[in-house]
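Below is one structure; the comments refer to it alone.
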Protein chains: 2
Amino acid sequence: MPENTKDKERPFSRVVQKLRQVGLRPTRQRLALAKILFDGPCRHVTAEILHDEVSQANISVSLATIYNSLHQFTNAGLLREVVVDSGRTYFDTNISDHYHYFMEKEGCLKDIPRGAINFDMLPDEPEGKKFSRIEVIIHVTEESQK
Amino acid sequence: MPENTKDKERPFSRVVQKLRQVGLRPTRQRLALAKILFDGPCRHVTAEILHDEVSQANISVSLATIYNSLHQFTNAGLLREVVVDSGRTYFDTNISDHYHYFMEKEGCLKDIPRGAINFDMLPDEPEGKKFSRIEVIIHVTEESQK
DNA sequence: GTGTTTGCAAAGTGTTTGCAATTTA
DNA sequence: TAAATTGCAAACACTTTGCAAACAC
């Protein structure tokens, strides 16, 4: 099992930049996570899923670091937190305004395509308050279930 | 501290009925909880809030029983679970179709008045699936905060 | 070198569970 | 009395924290 170091830095350059832009040092751990998260289609992950995936890639990143990184990425605006399930935190790599399906059976999130859902009217913001975000989650079950 | 037993059953009759209707024995604990929950305006509670309130009324109900009861009430259709915050479960005594404000500062839920929010269009249910419920949560912050 | 980041293990939070004792019908 | 319910304490799942060692610049 010879170590493959040849493609160690080059393919990460985009990810390295992304981290640098938000002021996070591109450490081995953060690079591995960022590559999984941002180098491909948008994803919805939990800390545990990420931990499994990074492990499968034979990179060891502790759970504590995964949690730290997820929050750092979120604070930096690279991720968005989605709450569907008390006791489990999902992070969405799609940071644009959009809503979610929650597939009850699989326990996973899917983006609702832009334009597939629309508000006719919204309440007014109360005096001195503002709506910081509007979450819509459509729970999807199998036809047979109630 | 003389025990006050005179008004022990009568004022509970509505609540007793409610429990009986869904097949739950009106025990001392369930009655105390049901009275707090259903005898008055609609509420949003967590297990802890309920525990505090019932304790303040000098009735002792263990947290385990509170959790049990909240789930029993929910399964019986007397309550509805609302997820806003990972790590804390809210129960809503308003079981009609409606949506929520989440007041970030206070960490509490408020119902959005019926008709204040409306969908213009909704996605179609995929083949063999159905939308079991649609959750809308508007996060409300102070004007100054972002 | 200096300040940042990591990883472990321990602590924390909210919730669930097993089971003996108690209560309800 | 039989079956349901309760409460405790222990177990749980997920997340956060403190701190010494390792790392990035």
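Every chain in the structure tokens has a letter given in the order shown (A, B, ...), and although residue numbers restart at 1 in each chain, ligands are simply numbered from 1 in the order shown.
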What residues in chain B have any atom no more than 12 Å from chain A when counting only C-alpha atoms, and can you write them as a compact mmCIF listing (two decimals) with N, CA, C and O atoms, in the first residue's frame?
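The new file result.txt reads:
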```
# COMPACT_ATOMS: atom_id res chain seq x y z
N GLU B 81 -45.97 17.56 18.12
CA GLU B 81 -44.56 17.81 18.36
C GLU B 81 -44.06 18.85 17.37
O GLU B 81 -44.40 18.79 16.19
N VAL B 82 -43.25 19.78 17.84
CA VAL B 82 -42.67 20.77 16.93
C VAL B 82 -41.16 20.77 17.12
O VAL B 82 -40.68 20.88 18.24
N VAL B 83 -40.45 20.65 16.04
CA VAL B 83 -38.99 20.64 16.11
C VAL B 83 -38.43 21.96 15.62
O VAL B 83 -38.64 22.34 14.48
N VAL B 84 -37.77 22.68 16.48
CA VAL B 84 -37.13 23.94 16.09
C VAL B 84 -35.68 23.92 16.41
O VAL B 84 -34.88 24.62 15.84
N ASP B 85 -35.36 23.17 17.41
CA ASP B 85 -34.12 23.32 18.09
C ASP B 85 -33.62 21.91 18.31
O ASP B 85 -34.29 21.12 18.95
N SER B 86 -32.46 21.57 17.75
CA SER B 86 -32.04 20.21 18.01
C SER B 86 -31.66 20.14 19.48
O SER B 86 -31.03 21.03 20.01
N GLY B 87 -32.09 19.11 20.11
CA GLY B 87 -31.76 18.97 21.52
C GLY B 87 -32.84 19.42 22.47
O GLY B 87 -32.63 19.42 23.68
N ARG B 88 -33.99 19.83 21.94
CA ARG B 88 -35.08 20.21 22.82
C ARG B 88 -36.35 19.95 22.04
O ARG B 88 -36.47 20.31 20.89
N THR B 89 -37.31 19.28 22.66
CA THR B 89 -38.54 18.98 21.96
C THR B 89 -39.68 19.81 22.50
O THR B 89 -39.91 19.83 23.71
N TYR B 90 -40.37 20.50 21.63
CA TYR B 90 -41.53 21.31 22.00
C TYR B 90 -42.80 20.54 21.68
O TYR B 90 -42.86 19.85 20.67
N TYR B 99 -48.81 27.30 11.52
CA TYR B 99 -47.36 27.42 11.46
C TYR B 99 -46.84 28.23 12.63
O TYR B 99 -47.61 28.77 13.41
N HIS B 100 -45.51 28.35 12.73
CA HIS B 100 -44.92 28.97 13.91
C HIS B 100 -43.90 30.06 13.66
O HIS B 100 -43.13 29.99 12.71
N TYR B 101 -43.89 31.01 14.57
CA TYR B 101 -42.75 31.89 14.74
C TYR B 101 -41.86 31.25 15.79
O TYR B 101 -42.36 30.70 16.77
N PHE B 102 -40.56 31.36 15.60
CA PHE B 102 -39.65 30.99 16.67
C PHE B 102 -38.90 32.25 17.08
O PHE B 102 -38.14 32.82 16.29
N MET B 103 -39.16 32.72 18.29
CA MET B 103 -38.54 33.92 18.78
C MET B 103 -37.15 33.57 19.28
O MET B 103 -37.00 32.95 20.34
N GLU B 104 -36.15 33.93 18.50
CA GLU B 104 -34.78 33.51 18.80
C GLU B 104 -34.33 33.99 20.16
O GLU B 104 -33.68 33.27 20.91
N LYS B 105 -34.67 35.23 20.47
CA LYS B 105 -34.19 35.81 21.71
C LYS B 105 -34.75 35.07 22.92
O LYS B 105 -34.01 34.68 23.82
N ASP B 111 -47.71 30.87 17.69
CA ASP B 111 -48.46 30.47 16.50
C ASP B 111 -48.54 31.63 15.51
O ASP B 111 -48.71 32.79 15.91
N ILE B 112 -48.45 31.33 14.25
CA ILE B 112 -48.71 32.34 13.23
C ILE B 112 -50.21 32.31 12.99
O ILE B 112 -50.78 31.24 12.77
N PRO B 113 -50.85 33.48 13.08
CA PRO B 113 -52.31 33.48 12.94
C PRO B 113 -52.72 32.84 11.62
O PRO B 113 -52.06 33.02 10.60
N ARG B 114 -53.77 32.10 11.68
CA ARG B 114 -54.35 31.48 10.48
C ARG B 114 -54.59 32.52 9.40
O ARG B 114 -55.12 33.59 9.68
N GLY B 115 -54.19 32.23 8.21
CA GLY B 115 -54.46 33.15 7.11
C GLY B 115 -53.38 34.19 6.91
O GLY B 115 -53.37 34.91 5.92
N ALA B 116 -52.45 34.27 7.86
CA ALA B 116 -51.39 35.28 7.74
C ALA B 116 -50.33 34.79 6.77
O ALA B 116 -49.45 35.54 6.34
N ILE B 117 -50.41 33.53 6.45
CA ILE B 117 -49.39 32.96 5.58
C ILE B 117 -50.10 31.98 4.66
O ILE B 117 -51.04 31.30 5.07
N ASN B 118 -49.69 31.97 3.43
CA ASN B 118 -50.40 31.16 2.46
C ASN B 118 -49.50 30.71 1.33
O ASN B 118 -48.68 31.50 0.86
N PHE B 119 -49.69 29.49 0.89
CA PHE B 119 -48.89 29.03 -0.23
C PHE B 119 -49.61 29.30 -1.53
O PHE B 119 -50.80 29.07 -1.66
N ASP B 120 -48.83 29.76 -2.45
CA ASP B 120 -49.26 30.07 -3.78
C ASP B 120 -49.25 28.77 -4.57
O ASP B 120 -50.19 28.42 -5.27
N MET B 121 -48.16 28.06 -4.41
CA MET B 121 -48.05 26.77 -5.07
C MET B 121 -47.23 25.83 -4.24
O MET B 121 -46.33 26.24 -3.50
N LEU B 122 -47.59 24.57 -4.36
CA LEU B 122 -46.87 23.53 -3.64
C LEU B 122 -46.42 22.49 -4.65
O LEU B 122 -47.08 22.30 -5.67
N PRO B 123 -45.32 21.82 -4.36
CA PRO B 123 -44.90 20.77 -5.28
C PRO B 123 -45.93 19.64 -5.28
O PRO B 123 -46.71 19.51 -4.35
N ASP B 124 -45.91 18.82 -6.33
CA ASP B 124 -46.77 17.63 -6.35
C ASP B 124 -46.16 16.55 -5.49
O ASP B 124 -44.93 16.46 -5.35
N GLU B 125 -47.00 15.72 -4.93
CA GLU B 125 -46.50 14.57 -4.18
C GLU B 125 -45.90 13.57 -5.16
O GLU B 125 -46.53 13.26 -6.17
N PRO B 126 -44.70 13.10 -4.89
CA PRO B 126 -44.11 12.11 -5.80
C PRO B 126 -44.94 10.83 -5.79
O PRO B 126 -45.61 10.54 -4.80
N GLU B 127 -44.87 10.07 -6.85
CA GLU B 127 -45.52 8.76 -6.96
C GLU B 127 -45.35 7.92 -5.71
O GLU B 127 -44.22 7.68 -5.27
N GLY B 128 -46.43 7.45 -5.17
CA GLY B 128 -46.34 6.51 -4.06
C GLY B 128 -45.96 7.13 -2.74
O GLY B 128 -45.79 6.44 -1.74
N LYS B 129 -45.80 8.46 -2.73
CA LYS B 129 -45.46 9.14 -1.47
C LYS B 129 -46.57 10.11 -1.14
O LYS B 129 -47.37 10.48 -2.00
N LYS B 130 -46.58 10.53 0.09
CA LYS B 130 -47.46 11.65 0.40
C LYS B 130 -46.84 12.61 1.40
O LYS B 130 -45.93 12.23 2.13
N PHE B 131 -47.34 13.82 1.39
CA PHE B 131 -46.85 14.82 2.33
C PHE B 131 -47.62 14.66 3.62
O PHE B 131 -48.81 14.95 3.70
N SER B 132 -46.94 14.19 4.65
CA SER B 132 -47.68 13.92 5.88
C SER B 132 -47.86 15.20 6.69
O SER B 132 -48.80 15.33 7.45
N ARG B 133 -46.94 16.12 6.55
CA ARG B 133 -47.19 17.44 7.09
C ARG B 133 -46.19 18.47 6.59
O ARG B 133 -45.10 18.13 6.14
N ILE B 134 -46.62 19.71 6.63
CA ILE B 134 -45.78 20.80 6.15
C ILE B 134 -45.51 21.72 7.31
O ILE B 134 -46.42 22.27 7.91
N GLU B 135 -44.25 21.83 7.65
CA GLU B 135 -43.84 22.67 8.78
C GLU B 135 -43.29 23.97 8.24
O GLU B 135 -42.44 23.96 7.36
N VAL B 136 -43.76 25.06 8.78
CA VAL B 136 -43.17 26.35 8.45
C VAL B 136 -42.77 27.03 9.74
O VAL B 136 -43.59 27.14 10.66
N ILE B 137 -41.54 27.40 9.83
CA ILE B 137 -41.07 28.12 11.01
C ILE B 137 -40.36 29.39 10.58
O ILE B 137 -39.38 29.34 9.84
N ILE B 138 -40.90 30.50 11.02
CA ILE B 138 -40.26 31.79 10.73
C ILE B 138 -39.43 32.19 11.94
O ILE B 138 -39.97 32.34 13.04
N HIS B 139 -38.14 32.30 11.73
CA HIS B 139 -37.25 32.68 12.83
C HIS B 139 -37.27 34.20 12.97
O HIS B 139 -36.99 34.91 12.00
N VAL B 140 -37.60 34.66 14.15
CA VAL B 140 -37.73 36.10 14.38
C VAL B 140 -36.62 36.59 15.31
O VAL B 140 -36.41 36.03 16.38
N THR B 141 -35.89 37.59 14.83
CA THR B 141 -34.82 38.16 15.66
C THR B 141 -35.08 39.64 15.88
O THR B 141 -35.96 40.22 15.26
N GLU B 142 -34.30 40.23 16.76
CA GLU B 142 -34.37 41.67 16.97
C GLU B 142 -33.90 42.37 15.71
O GLU B 142 -33.02 41.86 15.01
N GLU B 143 -34.46 43.52 15.45
CA GLU B 143 -34.14 44.26 14.23
C GLU B 143 -32.63 44.39 14.01
O GLU B 143 -32.12 44.17 12.93
N SER B 144 -31.94 44.75 15.12
CA SER B 144 -30.52 45.07 15.00
C SER B 144 -29.68 43.86 14.56
O SER B 144 -28.75 44.01 13.78
N GLN B 145 -30.03 42.69 15.08
CA GLN B 145 -29.23 41.51 14.77
C GLN B 145 -29.40 41.08 13.31
O GLN B 145 -30.37 41.42 12.68
N LYS B 146 -28.40 40.35 12.86
CA LYS B 146 -28.52 39.88 11.47
C LYS B 146 -29.07 38.44 11.43
O LYS B 146 -29.08 37.73 12.38
```
Checklist entry - Per DSSP on the backbone, what are the strand (DSSP E or B) residues of chain A, as an MDAnalysis selection string? => result chainID A and resid 44:45 80:85 88:92 99:103 108:112 118:121 129:142
Item to check | 12 Å contacts from chain D to chain A using only C-alpha atoms (C1' of nucleotides), as a VMD selection string | outcome: chain D and resid 12 to 17 22 to 25
Checklist entry - Neighbours of C:DA25 within 10 Å (only C-alpha atoms (C1' of nucleotides); same-chain residues fewer than 3 positions away dropped), as a ChimeraX atom specification? => result /B:25 /D:2-4
Checklist entry - In chain A, what's alpha helix (DSSP H) per DSSP? Answer as number ranges by chain? => result A: 13-21, 28-38, 47-56, 63-75
Go through chain C and flag each residue having an atom no more than 9 Å from chain B; for those, report the closest pair of atoms plus their distance in Å to one decimal, using only C-alpha atoms (C1' of nucleotides), ordered by chain and rising number, as a Markdown table.
```
| residue | atom | partner | partner_atom | distance |
| --- | --- | --- | --- | --- |
| C:DT13 | C1' | B:Gly87 | CA | 7.6 |
| C:DG14 | C1' | B:Gly87 | CA | 6.0 |
| C:DT15 | C1' | B:Tyr67 | CA | 8.0 |
| C:DT16 | C1' | B:Ala64 | CA | 8.3 |
| C:DT23 | C1' | B:Thr27 | CA | 8.3 |
| C:DT24 | C1' | B:Arg25 | CA | 7.6 |
```
Next on the checklist: One decimal, in Å: what's the spacing between atom CA of B:Leu79 and atom CA of B:Asn58?
Outcome noted: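 Atom-to-atom, atom CA of B:Leu79 to atom CA of B:Asn58, that is 23.9 Å.
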Checklist entry - Hey, what's within 10 Å of A:Gln29 if we count only C-alpha atoms (C1' of nucleotides) and toss same-chain stuff fewer than 4 positions away? As a PyMOL selection string, please? => result (chain A and resi 33-35+54+59-62+65-66+69) or (chain C and resi 5-6)
Next, dump the selected residues to file, keeping only N, CA and C atoms (P, O5', C5', C4', C3', O3' and C1' of nucleotides), as an mmCIF file, in the first residue's frame.
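Done, and the output landed in part-v5.cif:
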```cif
data_model
loop_
_atom_site.group_PDB
_atom_site.id
_atom_site.type_symbol
_atom_site.label_atom_id
_atom_site.label_comp_id
_atom_site.auth_asym_id
_atom_site.auth_seq_id
_atom_site.Cartn_x
_atom_site.Cartn_y
_atom_site.Cartn_z
ATOM 1 N N LEU A 33 -12.322 17.286 5.082
ATOM 2 C CA LEU A 33 -13.754 17.516 5.254
ATOM 3 C C LEU A 33 -14.292 18.413 4.147
ATOM 4 N N ALA A 34 -13.569 19.476 3.870
ATOM 5 C CA ALA A 34 -14.037 20.420 2.863
ATOM 6 C C ALA A 34 -14.122 19.759 1.498
ATOM 7 N N LYS A 35 -13.199 18.877 1.237
ATOM 8 C CA LYS A 35 -13.218 18.196 -0.050
ATOM 9 C C LYS A 35 -14.500 17.370 -0.177
ATOM 10 N N VAL A 54 -15.195 10.263 5.957
ATOM 11 C CA VAL A 54 -13.789 10.630 5.988
ATOM 12 C C VAL A 54 -12.953 9.422 6.432
ATOM 13 N N ILE A 59 -8.736 8.590 6.171
ATOM 14 C CA ILE A 59 -8.179 9.767 6.824
ATOM 15 C C ILE A 59 -8.776 9.786 8.214
ATOM 16 N N SER A 60 -7.972 10.024 9.211
ATOM 17 C CA SER A 60 -8.546 10.019 10.541
ATOM 18 C C SER A 60 -8.749 11.437 11.063
ATOM 19 N N VAL A 61 -9.995 11.738 11.328
ATOM 20 C CA VAL A 61 -10.358 13.035 11.891
ATOM 21 C C VAL A 61 -11.280 12.740 13.068
ATOM 22 N N SER A 62 -10.949 13.274 14.213
ATOM 23 C CA SER A 62 -11.764 12.947 15.384
ATOM 24 C C SER A 62 -13.127 13.604 15.293
ATOM 25 N N THR A 65 -13.232 17.186 16.230
ATOM 26 C CA THR A 65 -12.778 18.080 15.173
ATOM 27 C C THR A 65 -13.853 18.245 14.101
ATOM 28 N N ILE A 66 -14.578 17.181 13.838
ATOM 29 C CA ILE A 66 -15.666 17.275 12.862
ATOM 30 C C ILE A 66 -16.699 18.284 13.341
ATOM 31 N N SER A 69 -15.261 21.742 13.055
ATOM 32 C CA SER A 69 -15.176 22.195 11.674
ATOM 33 C C SER A 69 -16.552 22.546 11.123
ATOM 34 P P DT C 5 -7.197 28.167 13.514
ATOM 35 O "O5'" DT C 5 -6.876 26.647 13.870
ATOM 36 C "C5'" DT C 5 -5.938 25.954 13.064
ATOM 37 C "C4'" DT C 5 -5.771 24.548 13.578
ATOM 38 C "C3'" DT C 5 -7.090 23.781 13.777
ATOM 39 O "O3'" DT C 5 -6.984 22.622 12.972
ATOM 40 C "C1'" DT C 5 -5.655 23.503 15.641
ATOM 41 P P DT C 6 -8.127 21.580 12.944
ATOM 42 O "O5'" DT C 6 -7.564 20.487 13.950
ATOM 43 C "C5'" DT C 6 -6.398 19.756 13.564
ATOM 44 C "C4'" DT C 6 -6.035 18.795 14.668
ATOM 45 C "C3'" DT C 6 -7.127 17.772 14.993
ATOM 46 O "O3'" DT C 6 -6.615 16.476 14.693
ATOM 47 C "C1'" DT C 6 -6.254 18.795 16.981
#
```
Item to check | Contact residues around B:Pro41 with only C-alpha atoms (C1' of nucleotides) at 12 Å, ignoring same-chain residues under 2 positions, as a ChimeraX atom specification | outcome: /B:35-39,43-44,92-94,111
